Amino acid sequence: MASKSRLAKVSLPTDAEPAAELVQWSCREGYVYVPIPPAGSAGHRADKWDVDKWFKALKVELVASGDNMTVRLNDQETGELFAECPLPSDGTPLTTAVEPVVDSSRYFVLRVVDKETGKHAFIGLGFRERNDASGFTTGLDEYRKYLRRKQEAEAMKADFERQESGEGGQHRDYSLKENIVIPLKIGSTKRHEGEGTGAGLSGSKAAEVVVQGVGALKLAPPPAVSKATNGRVAGRSAASTAGQAAVPASGTADSDDTNEWGDFTSSPAS
């Protein structure tokens with residue numbers, strides 16, 4: 001009986017799965033005030049809370065998950081969740097979720113939300129140390145800057161896509177246009193004086209040498225040519241005497257040529 005093959009089931013991550021959480025900032029001790037008086041015309045004031053009578057001391061964390069951030073309040077001993085304040089990431093001002101009071105830098109009003117029911121409530125949050133309050137404010141500012149950079153990047157991307165598709169403006173053409181001259185410089189053709197041979201002479205100098213002929217080369221003139229007598233050569237041929245000295249004026253041509261060249265009709269031994 002043939003066995004049936006089975007495919008292993010592989011679970012792939014989906015968009016529905018929550019992103020990993022990362023604690024950006026935490027403080028061991030924060031004080032929660034519940035309930036708080038309603039805000040006045042200028043805003044919330046901490047001096048109306050009776051700050052020495054807090055409801056509970058909790059651990060405060062700024063937790064990032066993807067592009068979202070939440071102010072999380074946990075029990076100091078057990079770590080059990082007490083309340084969460086999600087920060088808006090859609091361009092809504094962060095002060096709608098975390099609002100500082102007008103009379104102190106260490107107290108804030110949080111808008112906490114119940115995930116199951118979606119109901120929300122406003123509670124007070126205070127820090128004993130100013131350094132803790134400053135760290136909390138810095139974490140909020142960093143998240144605000146991140147959202148602004150993200151929005152700018154998305155706007156630039158959308159603008160680039162519109163330009164590439166030709167929507168909302170002229171389509172960008174990166175091809176080379178016609179009648180564009182691109183100069184190319186490949187080394188230097190200038191030669192120094194004295195380099196090379198006659199091939200390096202300029203056109204005017206070469207023409208001058210051609211016009212002047214052999215005289216321009218400053219060679220000695222060929223010897224005088226006389227008729228041959230008794231089968232002996234009277235003088236050297238012009239082709240074989242180029243560059244040699246002329247025949248001296250003293251003495252006869254026959255005697256000089258006879259002594260130098262000898263008799264072509266017989267060998268010296270005869």
# chains A, B, ... in the order shown; residues from 1 in each chain; ligands from 1
>>> closest_atom_pairs(of="segment 107-179 of chain A", to="segment 45-48 of chain A", cutoff="12 Å", atoms="only C-alpha atoms", output="Markdown table")
| residue | atom | partner | partner_atom | distance |
| --- | --- | --- | --- | --- |
| A:Tyr107 | CA | A:Ala46 | CA | 6.7 |
| A:Phe108 | CA | A:Ala46 | CA | 8.4 |
| A:Val109 | CA | A:Ala46 | CA | 9.5 |
| A:Ile123 | CA | A:Ala46 | CA | 11.7 |
| A:Gly124 | CA | A:Ala46 | CA | 8.6 |
| A:Leu125 | CA | A:Ala46 | CA | 9.7 |
| A:Gly126 | CA | A:Ala46 | CA | 9.0 |
| A:Phe127 | CA | A:Ala46 | CA | 11.8 |
>>> residues_around(residues="Gly66 of chain A", least_positions_apart="5", cutoff="8 Å", atoms="only C-alpha atoms", output="list in words")
Ala19, Ala20 and Glu21 of chain A
>>> write_last_selection(atoms="C-alpha atoms", output="tab-separated table (two decimals), in the first residue's frame")
chain	number	residue	atom	x	y	z
A	19	ALA	CA	4.49	43.88	16.96
A	20	ALA	CA	7.20	43.38	19.54
A	21	GLU	CA	7.12	45.74	22.50
>>> closest_atom_pairs(of="segment 14-85 of chain A", to="segment 132-140 of chain A", cutoff="8 Å", atoms="only C-alpha atoms", output="JSON lines")
{"residue": "A:Gln24", "atom": "CA", "partner": "A:Gly139", "partner_atom": "CA", "distance": 7.3}
{"residue": "A:Trp25", "atom": "CA", "partner": "A:Gly139", "partner_atom": "CA", "distance": 6.8}
{"residue": "A:Cys27", "atom": "CA", "partner": "A:Asp132", "partner_atom": "CA", "distance": 6.7}
{"residue": "A:Leu62", "atom": "CA", "partner": "A:Gly139", "partner_atom": "CA", "distance": 7.3}
>>> atom_distance(atom1="atom CA of Arg144 of chain A", atom2="atom CA of Val98 of chain A")
12.0 Å
>>> residues_around(residues="Asp114 of chain A", least_positions_apart="5", cutoff="10 Å", atoms="only C-alpha atoms", output="PyMOL selection string")
chain A and resi 83-85+119-121
>>> closest_residue(among="A:Gly30, A:Ser41, A:Pro93, A:Arg72", to="Arg130 of chain A", atoms="only C-alpha atoms")
A:Gly30
>>> residues_around(residues="Leu94 of chain A", least_positions_apart="6", cutoff="10 Å", atoms="only C-alpha atoms", output="JSON, numbers by chain")
{"A": [86, 87, 88, 140, 141, 143, 144]}
>>> select_by_dssp(residues="segment 73-104 of chain A", states="strand (DSSP E)", output="number ranges by chain")
A: 73-75, 81-86, 98-100
>>> write_last_selection(atoms="C-alpha atoms", output="PDB file, in the first residue's frame")
ATOM      1  CA  LEU A  73       1.077  51.955  34.717  1.00  0.00           C
ATOM      2  CA  ASN A  74       1.922  48.682  36.506  1.00  0.00           C
ATOM      3  CA  ASP A  75       1.891  47.514  40.079  1.00  0.00           C
ATOM      4  CA  LEU A  81      -1.364  46.218  34.695  1.00  0.00           C
ATOM      5  CA  PHE A  82      -3.248  49.073  36.355  1.00  0.00           C
ATOM      6  CA  ALA A  83      -4.052  51.352  33.406  1.00  0.00           C
ATOM      7  CA  GLU A  84      -2.822  52.271  29.927  1.00  0.00           C
ATOM      8  CA  CYS A  85      -2.716  55.597  28.141  1.00  0.00           C
ATOM      9  CA  PRO A  86      -2.262  55.105  24.353  1.00  0.00           C
ATOM     10  CA  VAL A  98      -0.972  63.468  28.138  1.00  0.00           C
ATOM     11  CA  GLU A  99      -1.480  67.042  29.283  1.00  0.00           C
ATOM     12  CA  PRO A 100       0.921  68.828  31.650  1.00  0.00           C
TER      13      PRO A 100
END
>>> select_by_dssp(residues="segment 10-185 of chain A", states="helix (DSSP H, G or I)", output="PyMOL selection string")
chain A and resi 46-48+94-96+130-165
>>> closest_residue(among="A:Glu29, A:Phe160, A:Phe122, A:Thr92", to="Glu77 of chain A", atoms="only C-alpha atoms")
A:Glu29
>>> atom_distance(atom1="atom CA of Met69 of chain A", atom2="atom CA of Pro38 of chain A")
26.1 Å
>>> closest_residue(among="A:Glu129, A:Val101, A:Glu80, A:Ser65", to="Tyr31 of chain A", atoms="only C-alpha atoms")
A:Glu129
>>> atom_distance(atom1="atom CA of Glu164 of chain A", atom2="atom CA of Asp67 of chain A")
27.6 Å
>>> closest_residue(among="A:Leu110, A:Ala153, A:Ala97, A:Ala64", to="Val34 of chain A", atoms="only C-alpha atoms")
A:Leu110
>>> decode(residues="segment 77-89 of chain A", atoms="N, CA, C and O atoms", output="mmCIF file, in the first residue's frame")
data_model
loop_
_atom_site.group_PDB
_atom_site.id
_atom_site.type_symbol
_atom_site.label_atom_id
_atom_site.label_comp_id
_atom_site.auth_asym_id
_atom_site.auth_seq_id
_atom_site.Cartn_x
_atom_site.Cartn_y
_atom_site.Cartn_z
ATOM 1 N N GLU A 77 4.909 45.813 42.807
ATOM 2 C CA GLU A 77 5.302 44.512 43.356
ATOM 3 C C GLU A 77 4.997 43.375 42.398
ATOM 4 O O GLU A 77 5.851 42.551 42.087
ATOM 5 N N THR A 78 3.799 43.310 41.923
ATOM 6 C CA THR A 78 3.372 42.175 41.093
ATOM 7 C C THR A 78 3.551 42.421 39.598
ATOM 8 O O THR A 78 3.550 41.475 38.816
ATOM 9 N N GLY A 79 3.684 43.680 39.160
ATOM 10 C CA GLY A 79 3.783 43.992 37.739
ATOM 11 C C GLY A 79 2.458 43.935 37.019
ATOM 12 O O GLY A 79 2.420 44.001 35.776
ATOM 13 N N GLU A 80 1.366 43.779 37.774
ATOM 14 C CA GLU A 80 0.051 43.707 37.156
ATOM 15 C C GLU A 80 -0.329 45.057 36.552
ATOM 16 O O GLU A 80 -0.050 46.115 37.108
ATOM 17 N N LEU A 81 -0.967 44.995 35.384
ATOM 18 C CA LEU A 81 -1.364 46.218 34.695
ATOM 19 C C LEU A 81 -2.454 46.950 35.474
ATOM 20 O O LEU A 81 -3.477 46.366 35.836
ATOM 21 N N PHE A 82 -2.263 48.247 35.680
ATOM 22 C CA PHE A 82 -3.248 49.073 36.355
ATOM 23 C C PHE A 82 -4.049 49.874 35.340
ATOM 24 O O PHE A 82 -5.296 49.905 35.380
ATOM 25 N N ALA A 83 -3.365 50.553 34.427
ATOM 26 C CA ALA A 83 -4.052 51.352 33.406
ATOM 27 C C ALA A 83 -3.073 51.625 32.263
ATOM 28 O O ALA A 83 -1.836 51.547 32.421
ATOM 29 N N GLU A 84 -3.623 51.927 31.104
ATOM 30 C CA GLU A 84 -2.822 52.271 29.927
ATOM 31 C C GLU A 84 -3.335 53.556 29.302
ATOM 32 O O GLU A 84 -4.549 53.802 29.259
ATOM 33 N N CYS A 85 -2.383 54.348 28.819
ATOM 34 C CA CYS A 85 -2.716 55.597 28.141
ATOM 35 C C CYS A 85 -2.090 55.557 26.747
ATOM 36 O O CYS A 85 -0.909 55.885 26.583
ATOM 37 N N PRO A 86 -2.833 55.141 25.709
ATOM 38 C CA PRO A 86 -2.262 55.105 24.353
ATOM 39 C C PRO A 86 -2.084 56.515 23.788
ATOM 40 O O PRO A 86 -2.968 57.371 23.915
ATOM 41 N N LEU A 87 -0.934 56.741 23.168
ATOM 42 C CA LEU A 87 -0.653 58.045 22.553
ATOM 43 C C LEU A 87 -1.114 58.036 21.101
ATOM 44 O O LEU A 87 -0.961 57.031 20.401
ATOM 45 N N PRO A 88 -1.692 59.120 20.615
ATOM 46 C CA PRO A 88 -2.179 59.155 19.227
ATOM 47 C C PRO A 88 -1.015 59.156 18.241
ATOM 48 O O PRO A 88 0.029 59.783 18.475
ATOM 49 N N SER A 89 -1.180 58.448 17.116
ATOM 50 C CA SER A 89 -0.159 58.383 16.069
ATOM 51 C C SER A 89 -0.688 58.834 14.720
ATOM 52 O O SER A 89 -0.028 58.615 13.689
#
